[in-house]
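So this one's model.cif, mmCIF, C-alpha atoms:
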data_my_file
#
loop_
_atom_site.label_atom_id
_atom_site.label_comp_id
_atom_site.auth_asym_id
_atom_site.auth_seq_id
_atom_site.Cartn_x
_atom_site.Cartn_y
_atom_site.Cartn_z
CA MET N 1 2.26 19.28 14.34
CA VAL N 2 4.88 16.56 14.75
CA ALA N 3 8.08 18.50 15.41
CA GLU N 4 10.43 15.59 14.71
CA ALA N 5 8.87 14.85 11.32
CA SER N 6 10.76 16.05 8.26
CA SER N 7 7.64 17.14 6.39
CA THR N 8 3.88 17.02 6.12
CA GLY N 9 4.42 14.22 3.62
CA GLU N 10 6.12 12.12 6.29
CA VAL N 11 3.30 12.77 8.76
CA LEU N 12 0.67 11.78 6.22
CA ARG N 13 2.58 8.64 5.24
CA ASP N 14 2.63 7.55 8.89
CA VAL N 15 -1.12 8.19 9.14
CA PHE N 16 -1.81 6.22 5.96
CA ARG N 17 0.32 3.35 7.26
CA GLU N 18 -1.63 3.22 10.53
CA LEU N 19 -4.92 3.23 8.61
CA GLY N 20 -3.74 0.53 6.25
CA VAL N 21 -4.08 2.76 3.19
CA GLU N 22 -2.33 1.35 0.12
CA LEU N 23 0.41 3.59 -1.28
CA THR N 24 -0.57 4.12 -4.93
CA PRO N 25 1.26 6.31 -7.49
CA GLU N 26 -1.56 8.86 -7.13
CA LEU N 27 -0.81 9.14 -3.40
CA ALA N 28 2.97 8.72 -3.62
CA GLU N 29 3.62 11.66 -5.93
CA PRO N 30 1.98 14.44 -3.83
CA LEU N 31 3.63 12.99 -0.73
CA TYR N 32 6.98 13.14 -2.54
CA ILE N 33 6.32 16.76 -3.53
CA ALA N 34 5.64 17.63 0.13
CA LEU N 35 8.80 15.81 1.19
CA VAL N 36 11.00 17.51 -1.42
CA THR N 37 9.71 21.03 -0.77
CA ASP N 38 9.68 20.80 3.05
CA THR N 39 13.29 19.53 3.12
CA GLY N 40 14.51 22.09 0.58
CA ARG N 41 15.33 19.38 -1.96
CA PHE N 42 16.92 17.33 0.85
CA GLN N 43 19.26 20.18 1.84
CA TYR N 44 17.79 21.30 5.20
CA THR N 45 18.79 19.70 8.49
CA ASN N 46 15.31 18.15 8.77
CA THR N 47 16.47 15.75 6.03
CA THR N 48 16.69 12.72 8.29
CA PRO N 49 17.53 9.11 7.41
CA LYS N 50 13.80 8.40 7.76
CA ALA N 51 13.05 11.13 5.20
CA LEU N 52 15.47 9.60 2.71
CA ARG N 53 14.03 6.13 3.26
CA LEU N 54 10.56 7.59 2.68
CA ALA N 55 11.75 9.18 -0.57
CA ALA N 56 12.90 5.77 -1.81
CA GLU N 57 9.63 4.20 -0.71
CA LEU N 58 7.60 6.83 -2.57
CA VAL N 59 9.64 6.40 -5.74
CA ASP N 60 9.19 2.63 -5.49
CA ALA N 61 5.45 3.25 -5.15
CA GLY N 62 5.34 5.23 -8.39
CA ALA N 63 6.30 8.83 -7.67
CA ASP N 64 7.94 10.27 -10.81
CA ILE N 65 10.90 12.28 -9.50
CA HIS N 66 11.68 13.81 -12.89
CA ALA N 67 8.09 14.98 -13.40
CA VAL N 68 8.03 16.38 -9.86
CA PHE N 69 11.24 18.34 -10.38
CA GLN N 70 9.97 19.79 -13.65
CA GLN N 71 6.58 20.62 -12.18
CA VAL N 72 7.88 22.24 -9.00
CA TYR N 73 11.18 23.81 -10.05
CA GLU N 74 11.27 24.18 -13.84
CA SER N 75 7.74 25.33 -14.71
CA VAL N 76 7.84 29.03 -13.84
CA GLU N 77 4.99 31.41 -14.62
CA PHE N 78 6.04 34.85 -15.86
CA GLY N 79 4.09 36.44 -13.00
CA LYS N 80 6.22 34.48 -10.53
CA LEU N 81 9.41 35.84 -12.08
CA LYS N 82 8.08 39.38 -11.78
CA LEU N 83 7.08 38.74 -8.17
CA LEU N 84 10.59 37.42 -7.46
CA ALA N 85 12.01 40.61 -8.96
CA ARG N 86 9.93 42.69 -6.53
CA ALA N 87 11.20 40.67 -3.57
CA LEU N 88 14.84 40.88 -4.65
CA GLU N 89 14.54 44.61 -5.29
CA ARG N 90 13.33 45.16 -1.70
CA ALA N 91 15.80 42.78 -0.07
CA GLN N 92 17.82 44.27 2.77
CA VAL N 93 20.56 42.94 5.01
CA LEU N 94 20.73 43.30 8.79
CA GLU N 95 23.24 42.31 11.45
CA GLY N 96 26.20 42.60 9.13
CA GLY N 97 24.60 40.53 6.41
CA ARG N 98 23.60 37.63 8.65
CA ILE N 99 19.90 38.43 8.15
CA VAL N 100 18.42 38.92 4.68
CA ALA N 101 14.82 40.14 4.69
CA SER N 102 12.30 41.20 2.08
CA VAL N 103 8.63 42.08 1.68
CA LEU N 104 5.90 41.38 -0.85
CA LEU N 105 3.03 43.84 -0.62
CA ARG N 106 -0.57 43.02 -1.50
CA SER N 107 -0.33 45.45 -4.41
CA ASP N 108 2.63 43.51 -5.86
CA PHE N 109 0.45 40.50 -6.58
CA SER N 110 -2.15 42.47 -8.52
CA GLU N 111 0.37 44.65 -10.35
CA VAL N 112 2.40 41.72 -11.72
CA GLY N 113 -0.53 39.35 -12.21
CA ALA N 114 0.57 36.90 -9.52
CA VAL N 115 -1.34 34.64 -7.16
CA GLU N 116 -0.20 33.74 -3.66
CA PRO N 117 1.37 30.33 -4.52
CA TYR N 118 3.82 32.20 -6.77
CA SER N 119 5.59 33.41 -3.63
CA GLU N 120 6.63 29.84 -2.75
CA GLY N 121 10.37 29.34 -3.09
CA ILE N 122 11.24 33.03 -3.19
CA ILE N 123 12.69 32.86 0.31
CA ASP N 124 15.27 30.35 -0.90
CA TYR N 125 16.89 33.12 -2.96
CA LEU N 126 17.27 35.20 0.22
CA ARG N 127 18.63 32.19 2.10
CA ALA N 128 21.23 31.61 -0.62
CA VAL N 129 22.90 35.01 -0.12
CA GLU N 130 26.50 34.51 0.98
CA GLY N 131 26.88 35.01 4.72
CA SER N 132 23.14 34.77 5.39
CA GLU N 133 22.14 32.87 8.53
CA LEU N 134 18.47 33.88 8.57
CA ALA N 135 16.17 34.60 5.63
CA VAL N 136 12.89 36.42 6.26
CA LEU N 137 10.08 36.92 3.75
CA ILE N 138 7.01 38.92 4.79
CA ARG N 139 4.00 38.59 2.49
CA GLU N 140 0.72 40.45 2.40
CA PRO N 141 -1.66 37.85 0.91
CA PRO N 142 -3.66 39.08 -2.08
CA ARG N 143 -6.89 37.98 -0.40
CA GLU N 144 -8.02 40.73 1.96
CA ASP N 145 -10.08 38.35 4.12
CA GLY N 146 -6.98 36.44 5.25
CA PRO N 147 -4.20 37.29 7.71
CA THR N 148 -2.69 40.74 7.26
CA ARG N 149 0.83 39.33 6.88
CA ARG N 150 2.41 35.91 6.58
CA VAL N 151 6.05 35.52 7.57
CA SER N 152 8.42 32.76 6.44
CA LEU N 153 11.71 32.09 8.22
CA ARG N 154 14.64 29.98 7.04
CA SER N 155 17.82 29.24 8.98
CA SER N 156 21.13 28.37 7.36
CA VAL N 157 23.00 27.43 10.55
CA ASP N 158 22.40 24.70 13.11
CA GLU N 159 22.68 27.14 16.02
CA LEU N 160 19.57 29.07 14.92
CA ASP N 161 16.15 27.51 15.60
CA VAL N 162 13.62 29.64 13.72
CA SER N 163 10.70 27.68 15.16
CA LEU N 164 11.39 29.39 18.51
CA ILE N 165 10.91 32.78 16.86
CA ALA N 166 7.76 31.64 15.06
CA ARG N 167 6.20 30.30 18.26
CA ARG N 168 6.34 33.76 19.81
CA PHE N 169 3.72 34.72 17.24
CA GLY N 170 1.68 31.53 17.59
CA GLY N 171 3.30 29.93 14.55
CA GLY N 172 5.55 26.91 14.23
CA GLY N 173 7.45 24.63 11.93
CA HIS N 174 10.89 23.09 12.01
CA ARG N 175 14.28 24.22 13.25
CA GLN N 176 15.32 25.52 9.83
CA ALA N 177 11.95 26.32 8.26
CA SER N 178 9.09 27.96 10.13
CA GLY N 179 6.42 30.60 9.73
CA PHE N 180 3.66 32.60 11.37
CA SER N 181 0.94 35.18 10.69
CA SER N 182 0.83 38.65 12.21
CA GLU N 183 -1.19 41.85 12.21
CA LEU N 184 1.83 43.92 13.29
CA PRO N 185 3.39 46.54 11.00
CA ILE N 186 6.20 45.24 8.80
CA ASP N 187 8.92 47.21 10.59
CA GLU N 188 7.86 45.78 13.96
CA ILE N 189 7.87 42.23 12.63
CA VAL N 190 11.38 42.67 11.25
CA GLU N 191 12.62 44.11 14.54
CA ILE N 192 11.12 41.34 16.68
CA VAL N 193 12.57 38.68 14.39
CA ARG N 194 15.95 40.46 14.48
CA GLU N 195 15.86 40.53 18.30
CA GLY N 196 15.07 36.81 18.38
CA PHE N 197 17.98 36.13 16.06
CA VAL N 198 20.41 38.21 18.14
CA ALA N 199 19.30 36.54 21.38
CA GLN N 200 19.80 33.03 20.01
CA ARG N 201 23.18 33.78 18.48
CA ALA N 202 24.31 35.37 21.75
CA ARG N 203 23.33 32.25 23.70
CA ALA N 204 25.09 30.04 21.16
CA SER N 205 28.35 31.96 21.51
CA ALA N 206 28.21 32.33 25.30
#

Since I need it in another form, could you write the structure as structure tokens?
Amino acid sequence: MVAEASSTGEVLRDVFRELGVELTPELAEPLYIALVTDTGRFQYTNTTPKALRLAAELVDAGADIHAVFQQVYESVEFGKLKLLARALERAQVLEGGRIVASVLLRSDFSEVGAVEPYSEGIIDYLRAVEGSELAVLIREPPREDGPTRRVSLRSSVDELDVSLIARRFGGGGHRQASGFSSELPIDEIVEIVREGFVAQRARASA
């Protein structure tokens, strides 16, 4: 993982450039999707000048930004809406509202007719809660042969580096968007993440 890169799309573009691979519309569009989603539609702090220059380069190469937006953000399966409802129903606040956390159980996916990709983007609703500094979404993947639980973390403040929390579990990512897998019970995961949040905020205010 390249920690200073804004997205997997940026990493791949650098690799393609080194290999002399021509940037066609068929390559540019998926790279643009990766760039848009990893930067939270260019809202996260990993939205660097290089990321914005790459966005322009990809559009010049044929990425259709309107088609991407419709495909990623405006084409919603009904099962995804029902899965979102489950996550919002279970949402809880900790540390005076500075942490917003929720859980999607394995049974949720089968009961609402959802597949795992439907959980993408749900954490952004938790992150958008007023006063939230850390959003946490714990998912039990519908496939039983995978990790027991996948955890996504999103920070809303510069002082909180969620990649430090993720690395404790062998995960990684960026300062504002990271994740990891764990076999621990849900309550233990929430508590360890909460402790990591409290420790970082205490250091920031010291």

Option closest in space to Gly97 (chain N), from N:Tyr73, N:Gly131, N:Ser119, N:Gln176 [counting only C-alpha atoms] = N:Gly131

Just want the 12 Å neighbourhood of Ala128 (chain N), counted on all atoms listed in the file, with same-chain residues fewer than 3 positions away dropped. Output as an mmCIF file with C-alpha atoms, in the coordinates of the input.
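Okay, selection_36.cif is ready:
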data_model
loop_
_atom_site.group_PDB
_atom_site.id
_atom_site.type_symbol
_atom_site.label_atom_id
_atom_site.label_comp_id
_atom_site.auth_asym_id
_atom_site.auth_seq_id
_atom_site.Cartn_x
_atom_site.Cartn_y
_atom_site.Cartn_z
ATOM 1 C CA GLY N 40 14.510 22.090 0.580
ATOM 2 C CA GLN N 43 19.260 20.180 1.840
ATOM 3 C CA LEU N 88 14.840 40.880 -4.650
ATOM 4 C CA GLY N 97 24.600 40.530 6.410
ATOM 5 C CA ARG N 98 23.600 37.630 8.650
ATOM 6 C CA ILE N 99 19.900 38.430 8.150
ATOM 7 C CA VAL N 100 18.420 38.920 4.680
ATOM 8 C CA ALA N 101 14.820 40.140 4.690
ATOM 9 C CA GLY N 121 10.370 29.340 -3.090
ATOM 10 C CA ILE N 122 11.240 33.030 -3.190
ATOM 11 C CA ILE N 123 12.690 32.860 0.310
ATOM 12 C CA ASP N 124 15.270 30.350 -0.900
ATOM 13 C CA TYR N 125 16.890 33.120 -2.960
ATOM 14 C CA GLY N 131 26.880 35.010 4.720
ATOM 15 C CA SER N 132 23.140 34.770 5.390
ATOM 16 C CA GLU N 133 22.140 32.870 8.530
ATOM 17 C CA LEU N 134 18.470 33.880 8.570
ATOM 18 C CA ALA N 135 16.170 34.600 5.630
ATOM 19 C CA VAL N 136 12.890 36.420 6.260
ATOM 20 C CA ARG N 154 14.640 29.980 7.040
ATOM 21 C CA SER N 155 17.820 29.240 8.980
ATOM 22 C CA SER N 156 21.130 28.370 7.360
#

Find, counting all atoms listed in the file, the residue in N:Leu54, N:Val59, N:Ala28, N:Val162 that gets nearest to His174 (chain N).
-> N:Val162

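For the pair CA of Lys80 (chain N) and CA of Ser110 (chain N), the separation is 11.7 Å.
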
Grab the CA of Asp38 (chain N) to CA of Gly9 (chain N) distance for me, in Å with one decimal place.
-> 8.4 Å

Determine the residue set returned by the PyMOL selection byres ((chain N and resi 42) around 12) for the present structure, and present it as JSON, numbers by chain.
-> {"N": [6, 7, 32, 33, 34, 35, 36, 37, 38, 39, 40, 41, 43, 44, 45, 46, 47, 48, 49, 50, 51, 52, 53, 54, 55]}

Write out, as a short mmCIF file (atom, residue, chain, number, x, y, z; two decimals), in the coordinates of the input, the residues just selected, with C-alpha atoms.
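Written out: result-v6.cif:
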data_model
loop_
_atom_site.label_atom_id
_atom_site.label_comp_id
_atom_site.auth_asym_id
_atom_site.auth_seq_id
_atom_site.Cartn_x
_atom_site.Cartn_y
_atom_site.Cartn_z
CA SER N 6 10.76 16.05 8.26
CA SER N 7 7.64 17.14 6.39
CA TYR N 32 6.98 13.14 -2.54
CA ILE N 33 6.32 16.76 -3.53
CA ALA N 34 5.64 17.63 0.13
CA LEU N 35 8.80 15.81 1.19
CA VAL N 36 11.00 17.51 -1.42
CA THR N 37 9.71 21.03 -0.77
CA ASP N 38 9.68 20.80 3.05
CA THR N 39 13.29 19.53 3.12
CA GLY N 40 14.51 22.09 0.58
CA ARG N 41 15.33 19.38 -1.96
CA GLN N 43 19.26 20.18 1.84
CA TYR N 44 17.79 21.30 5.20
CA THR N 45 18.79 19.70 8.49
CA ASN N 46 15.31 18.15 8.77
CA THR N 47 16.47 15.75 6.03
CA THR N 48 16.69 12.72 8.29
CA PRO N 49 17.53 9.11 7.41
CA LYS N 50 13.80 8.40 7.76
CA ALA N 51 13.05 11.13 5.20
CA LEU N 52 15.47 9.60 2.71
CA ARG N 53 14.03 6.13 3.26
CA LEU N 54 10.56 7.59 2.68
CA ALA N 55 11.75 9.18 -0.57
#

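You will find CA of Glu116 (chain N) at 9.9 Å from CA of Leu83 (chain N).
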
Check the smallest atom-to-atom distance from each of N:Glu111, N:Glu10, N:Glu140, N:Glu95 to Arg201 (chain N) using only C-alpha atoms, then report the winner.
-> N:Glu95

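Of the residues under consideration (N:Val151, N:Val103, N:Leu31, N:Val115), N:Val151 shows the shortest atom-to-atom contact distance to Glu183 (chain N) when counting only C-alpha atoms.
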
Extract, using all atoms listed in the file, all DNA, RNA and protein residues at most 8 Å from Gly170 (chain N), discarding same-chain residues fewer than 4 positions from it, and format them as a PDB file with C-alpha atoms, in the frame of the given file.
ATOM      1  CA  ALA N 166       7.760  31.640  15.060  1.00  0.00           C
ATOM      2  CA  PHE N 180       3.660  32.600  11.370  1.00  0.00           C
ATOM      3  CA  SER N 181       0.940  35.180  10.690  1.00  0.00           C
TER       4      SER N 181
END
